[in-house]
Every structure is written in C-alpha cells, then in structure tokens.
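Participant: Just coords19.txt, nothing more (compact mmCIF, C-alpha atoms):
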```
# COMPACT_ATOMS: atom_id res chain seq x y z
CA MET V 247 116.81 81.86 50.45
CA GLY V 248 113.80 81.43 52.73
CA PHE V 249 111.13 84.10 52.89
CA ILE V 250 111.83 86.90 55.39
CA ASP V 251 109.18 89.37 56.50
CA ASP V 252 110.35 91.57 59.38
CA LEU V 253 107.68 94.28 59.17
CA THR V 254 106.00 93.34 62.43
CA MET V 255 109.32 93.28 64.30
CA VAL V 256 110.30 96.71 62.98
CA LEU V 257 106.92 98.10 64.08
CA ASP V 258 107.31 96.47 67.49
CA LEU V 259 110.71 98.13 67.89
CA LEU V 260 109.29 101.51 66.82
CA ILE V 261 106.60 101.19 69.47
CA LEU V 262 109.26 100.31 72.05
CA VAL V 263 111.22 103.42 71.03
CA THR V 264 108.22 105.65 71.67
CA ALA V 265 107.46 103.94 74.99
CA THR V 266 111.06 104.37 76.15
CA VAL V 267 111.29 108.00 75.06
CA PHE V 268 107.97 108.92 76.67
CA TYR V 269 108.76 107.13 79.94
CA THR V 270 112.26 108.59 80.12
CA GLY V 271 111.15 112.06 79.12
CA PHE V 272 108.42 112.18 81.73
CA PHE V 273 110.69 111.19 84.61
CA VAL V 274 113.51 113.50 83.50
CA TRP V 275 111.05 116.40 83.37
CA TYR V 276 109.45 115.41 86.69
CA HIS V 277 112.73 115.19 88.60
CA SER V 278 114.10 118.34 86.95
CA ARG V 279 110.96 120.21 87.98
CA ARG V 280 111.57 119.09 91.57
CA ASN V 281 115.21 120.24 91.31
CA ASP V 282 116.42 116.67 91.76
CA ALA V 283 119.23 116.82 89.21
CA ALA V 284 120.83 113.54 90.30
CA ARG V 285 117.68 111.48 89.72
CA ALA V 286 116.96 113.27 86.44
CA ALA V 287 120.45 112.47 85.14
CA THR V 288 120.23 108.85 86.32
CA HIS V 289 116.87 108.28 84.63
CA LEU V 290 118.16 109.95 81.47
CA ARG V 291 121.19 107.67 81.40
CA GLU V 292 119.10 104.52 81.88
CA GLY V 293 116.69 105.56 79.13
CA ALA V 294 119.62 106.34 76.84
CA ILE V 295 121.05 102.83 77.31
CA VAL V 296 117.70 101.24 76.46
CA LEU V 297 117.30 103.53 73.43
CA THR V 298 120.76 102.58 72.19
CA LEU V 299 119.89 98.88 72.36
CA ILE V 300 116.53 99.29 70.58
CA GLY V 301 117.95 101.72 68.03
CA GLY V 302 120.83 99.36 67.34
CA LEU V 303 118.39 96.57 66.50
CA LEU V 304 116.40 98.91 64.26
CA GLY V 305 119.60 99.90 62.52
CA LEU V 306 120.51 96.27 61.86
CA PHE V 307 117.11 95.58 60.28
CA ALA V 308 117.35 98.77 58.23
CA LEU V 309 120.88 98.04 57.00
CA TRP V 310 119.85 94.51 56.06
CA GLY V 311 116.94 95.95 54.07
CA GLU V 312 119.14 98.53 52.36
CA PHE V 313 121.69 95.92 51.25
CA THR V 314 119.42 93.00 50.36
CA TRP V 315 116.45 94.96 48.91
CA PRO V 316 113.76 92.50 50.13
CA LEU V 317 110.79 94.69 49.16
CA PRO V 318 109.69 95.39 45.58
CA GLY V 319 110.59 98.63 43.85
CA SER V 320 110.39 101.86 45.84
CA TYR V 321 108.85 100.14 48.87
CA ASP V 322 112.32 99.23 50.08
CA LEU V 323 113.42 102.86 50.03
CA TYR V 324 110.12 104.01 51.49
CA PHE V 325 110.34 101.80 54.57
CA PHE V 326 114.02 101.22 55.26
CA ASP V 327 115.42 104.72 54.59
CA PRO V 328 113.38 106.39 57.38
CA VAL V 329 113.97 103.46 59.75
CA LEU V 330 117.73 103.75 59.26
CA LEU V 331 117.62 107.51 59.86
CA LEU V 332 115.55 107.09 63.03
CA ALA V 333 117.95 104.38 64.21
CA LEU V 334 120.82 106.82 63.68
CA LEU V 335 118.98 109.40 65.78
CA THR V 336 118.24 107.07 68.71
CA VAL V 337 121.69 105.50 68.79
CA GLY V 338 123.38 108.87 68.44
CA PHE V 339 121.40 110.33 71.35
CA GLY V 340 121.97 107.27 73.52
CA LEU V 341 125.72 107.30 72.92
CA ALA V 342 125.94 111.04 73.55
CA VAL V 343 124.29 110.63 76.96
CA VAL V 344 126.29 107.53 77.92
CA LEU V 345 129.58 109.13 76.85
CA ARG V 346 128.62 112.40 78.60
CA LEU V 347 128.72 114.49 75.44
CA PRO V 348 126.38 117.31 74.30
CA THR V 349 123.16 115.94 72.83
CA HIS V 350 122.05 119.01 70.87
CA PHE V 351 124.21 117.93 67.92
CA VAL V 352 121.93 114.91 67.61
CA GLY V 353 118.91 117.17 68.03
CA MET V 354 120.09 119.29 65.10
CA LEU V 355 120.27 116.15 62.97
CA GLY V 356 116.76 115.32 64.18
CA VAL V 357 115.40 118.44 62.49
CA VAL V 358 116.84 117.36 59.14
CA ILE V 359 115.81 113.72 59.60
CA GLY V 360 112.29 114.70 60.67
CA CYS V 361 111.77 116.84 57.59
CA GLY V 362 112.98 113.93 55.45
CA VAL V 363 110.65 111.42 57.11
CA ILE V 364 107.67 113.74 56.64
CA TYR V 365 108.61 114.20 52.99
CA TYR V 366 108.84 110.43 52.46
CA GLY V 367 105.41 109.92 53.99
CA ALA V 368 103.64 112.76 52.18
CA ARG V 369 105.23 112.03 48.83
CA ALA V 370 104.49 108.31 48.97
CA GLU V 371 100.89 108.68 50.08
CA TYR V 372 99.71 111.72 48.11
CA TYR V 373 101.59 111.23 44.86
CA LEU V 374 102.75 107.62 44.58
CA LYS V 375 99.87 105.89 46.45
CA LEU V 376 102.22 103.18 47.68
CA THR V 377 100.25 101.65 50.56
CA GLN V 378 96.79 100.23 51.06
CA ASP V 379 96.51 102.01 54.42
CA PRO V 380 97.29 105.61 53.47
CA PHE V 381 95.82 107.33 56.53
CA GLU V 382 97.56 105.14 59.13
CA THR V 383 100.83 105.18 57.19
CA LEU V 384 100.84 108.95 56.70
CA LEU V 385 99.97 109.51 60.36
CA MET V 386 102.89 107.34 61.41
CA TYR V 387 105.36 109.17 59.17
CA LEU V 388 104.10 112.60 60.22
CA ALA V 389 104.22 111.69 63.91
CA PHE V 390 107.73 110.21 63.82
CA GLY V 391 108.91 113.13 61.70
CA GLY V 392 107.47 115.54 64.24
CA VAL V 393 109.17 113.67 67.08
CA ALA V 394 112.51 113.91 65.30
CA ILE V 395 112.10 117.66 64.73
CA MET V 396 111.01 118.33 68.32
CA ALA V 397 113.96 116.31 69.57
CA TYR V 398 116.03 119.45 69.04
CA PRO V 399 114.44 121.53 71.84
CA ALA V 400 114.35 118.37 73.96
CA THR V 401 118.11 117.91 73.59
CA LEU V 402 118.70 121.59 74.31
CA TYR V 403 116.76 121.14 77.55
CA VAL V 404 118.90 118.10 78.40
CA ASP V 405 122.16 119.95 77.75
CA TRP V 406 121.17 123.11 79.56
CA PHE V 407 119.20 121.89 82.54
CA VAL V 408 119.90 118.18 83.15
CA THR V 409 123.44 117.09 82.26
CA GLY V 410 124.59 120.69 81.93
CA ARG V 411 123.86 121.44 85.59
CA ALA V 412 126.63 119.07 86.71
CA ASN V 413 128.91 119.78 83.75
CA PRO V 414 128.43 123.31 82.34
CA SER V 415 130.74 122.51 79.41
CA LEU V 416 127.86 120.47 77.91
CA GLN V 417 125.68 123.57 77.59
CA PRO V 418 125.46 125.00 74.05
CA ILE V 419 125.81 128.49 75.52
CA GLY V 420 126.51 129.26 79.16
CA SER V 421 123.28 129.94 81.05
CA ALA V 422 121.59 129.80 84.43
CA ALA V 423 121.20 126.45 86.19
CA THR V 424 117.41 126.67 86.01
CA PRO V 425 115.20 127.50 82.99
CA THR V 426 114.70 131.26 82.65
CA SER V 427 111.39 130.70 80.85
CA PRO V 428 109.95 127.58 82.51
CA ARG V 429 106.57 127.81 80.76
CA VAL V 430 108.20 127.89 77.35
CA TRP V 431 110.32 124.82 78.12
CA THR V 432 107.38 123.01 79.66
CA THR V 433 105.32 123.71 76.54
CA LEU V 434 108.08 122.51 74.21
CA LEU V 435 108.62 119.33 76.21
CA GLY V 436 104.87 118.79 76.39
CA ILE V 437 104.58 119.04 72.60
CA PHE V 438 107.49 116.63 72.23
CA LEU V 439 105.95 114.04 74.56
CA ILE V 440 102.53 114.37 72.91
CA LEU V 441 104.11 113.71 69.52
CA VAL V 442 105.94 110.71 70.95
CA LEU V 443 102.66 109.34 72.25
CA LEU V 444 100.96 109.94 68.89
CA ALA V 445 103.84 108.23 67.10
CA GLY V 446 103.43 105.14 69.27
CA ILE V 447 99.68 105.08 68.68
CA ALA V 448 100.20 105.54 64.93
CA ALA V 449 102.71 102.68 64.79
CA ALA V 450 100.31 100.44 66.70
CA ALA V 451 97.41 101.43 64.42
CA TYR V 452 99.49 100.71 61.37
CA GLY V 453 100.43 97.34 62.83
CA LEU V 454 96.81 96.44 63.46
CA SER V 455 95.76 97.39 59.93
CA ALA V 456 98.75 96.25 57.91
CA ALA V 457 101.29 94.13 59.75
CA TRP V 458 98.87 91.45 60.87
CA GLY V 459 97.91 90.94 57.25
CA HIS V 460 101.47 89.74 56.72
CA LEU V 461 100.92 87.11 59.42
CA GLU V 462 97.64 85.99 57.88
CA SER V 463 98.93 85.76 54.31
CA PRO V 464 102.47 84.38 54.21
CA PRO V 465 103.77 83.27 50.80
```
Any chance you could put this one into structure tokens?
Facilitator:
Amino acid sequence: MGFIDDLTMVLDLLILVTATVFYTGFFVWYHSRRNDAARAATHLREGAIVLTLIGGLLGLFALWGEFTWPLPGSYDLYFFDPVLLLALLTVGFGLAVVLRLPTHFVGMLGVVIGCGVIYYGARAEYYLKLTQDPFETLLMYLAFGGVAIMAYPATLYVDWFVTGRANPSLQPIGSAATPTSPRVWTTLLGIFLILVLLAGIAAAAYGLSAAWGHLESPP
C-alpha cells in the first residue's frame, strides 16, 4: 500500500467546521435578535447542510483511521477517536435541523463528547507526552472540547427561539416565543462563538507548527 498522510486534510476540515459554525451562529443570532425568524431559520438550515457535508467527510477519514490504524501505537486513538466523535456531533446536528427535529439531543451528546475530547488532550499532553507541539495540541483539544460542551446551550437556543418559534413541538419545554432572559442567552451564545473562534485559531496554529512538517518530510 502507498503511504497515506491525511493530517493536513483533517485539520483543513476542522477549520472549515469552525468557520461554518461561527458564520452560521452569528447570522442566526443576528436575525433572531431582529425578530426575523424566517431568515434565522433559513440561515440555520443552510449552515446545517454545509456542516453535514463537512462532518461526513471528517467521519469518513476518522472511520478509515479507526479501521486501518495508520498511525503508530496510541497516536491512532489519540487523533481519530476525537475526530470521529466531533464528526458524529456535526452530522447529528445537521441532520436534526434538516429533518426538522429537536437539536438539544445532539447538544446533550456534545457535553459528553466535549468532556471526552478534553480528557484525551490533557491526558496525552500532561502524562503521555505524545506530541512535539504540546501547547498547540492541548489548546486545540481544549477549544474543541469547550465548543462541544457549549453546543448544548446553543442547541437549546435553537430549539426554543429559532425553529421552536414556528414549531413549538421542537421546544424541550413549552416557553415564550422570545428569550425571557436575553442577556443570559446572549452571554452563552457569545461564549460559544468565542470558543468556536479559538478552536479555529488553534487548529490553524497546530497546522502551521505540525502539519506542514508532514509536507516537508514525506517518507
């Protein structure tokens, strides 16, 4: 078999995930704030379709890595386990929006997945010393783990105040059509978007410090 090194492509897709989530999240919040529910729902649906496509590609790379074990020792688990979990999260959210189902079920999974991703990163860097770029790698794992955890309040916002406005059956619990505590929701969404931005920056930093070395030193 020929040599296969897909690290740079996986990082590129992770960056695209963060760009899509940030862009979609901003416009959904902006139109919701202006009480333009139709535009908010349309932008959410478009972002969900793009996320499903990108997440599907990530999932294919991750499944290939899980079955073929291309990396030595625990590196394969370290890289492909979190990628597969994040792919599950993005595809699950995208399908929930496209199929007009509640998204907070996916958000609940995000809390569990995020804690797992953070554990992978902290354990590998502090105890196993797996990578040559510990700071950039740990930052990336912490940021993506934080994004996954904060996806839960983000999906609650979607179900209550975006898709739930047109279809109240999508709301976790019946509530008013507008946020009763707008500052709280704005703060939670702001934290979510900041973490998304940090995750994209961390993935790019890791790519600059590690991935390009793969291009410079092929076998």
Participant: Show me, as a PyMOL selection string, the residues that have an atom within 12 Å of V:Ala400 when counting all atoms listed in the file, minus same-chain residues fewer than 4 positions from it.
Facilitator: chain V and resi 267-268+270-272+274-275+290+339+349-354+356-357+393-396+404-408+430-439+442
Participant: Just want the 12 Å neighbourhood of V:Leu323, counted on only C-alpha atoms, with same-chain residues fewer than 2 positions away dropped. Output as a PyMOL selection string.
Facilitator: chain V and resi 308-309+311-321+325-331+363+366-367+370+376
Participant: Nearest to V:Gly446 among V:Leu388, V:Leu303, V:Ala287, V:Val343, with distances taken over all atoms listed in the file: which residue is it?
Facilitator: V:Leu388
Participant: Kindly give the distance, in Å, that separates atom CA of V:Asp282 and atom CA of V:Val337, rounded to a single decimal.
Facilitator: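 That distance, rounded to one decimal, is 26.1 Å.
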Participant: Using only C-alpha atoms, find the one residue out of V:Pro380, V:Gly360, V:Gly392, V:Pro418 that sits nearest to V:Leu335.
Facilitator: V:Gly360
Participant: Could you please determine the separation between atom CA of V:Ala265 and atom CA of V:Val296 in Å, to one decimal place?
Facilitator: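 Taking atom CA of V:Ala265 and atom CA of V:Val296, their separation equals 10.7 Å.
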Participant: So the first atom is atom CA of V:Leu416 and the second is atom CA of V:Pro348; what is the distance between them in Å, to one decimal place?
Facilitator: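 Calculated distance between atom CA of V:Leu416 and atom CA of V:Pro348 is 5.0 Å.
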Participant: Choose the residue, out of V:Asp258, V:Gly301, V:Phe273, V:Ile440, that has the smallest atom-to-atom separation from V:Gly340; count all atoms listed in the file.
Facilitator: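 That would be V:Gly301, the residue with the smallest distance to V:Gly340.
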Participant: When distances are computed from all atoms listed in the file, which of V:Leu306, V:Leu402, V:Leu444, V:Ala451 shows the smallest separation from V:Val256?
Facilitator: V:Leu306
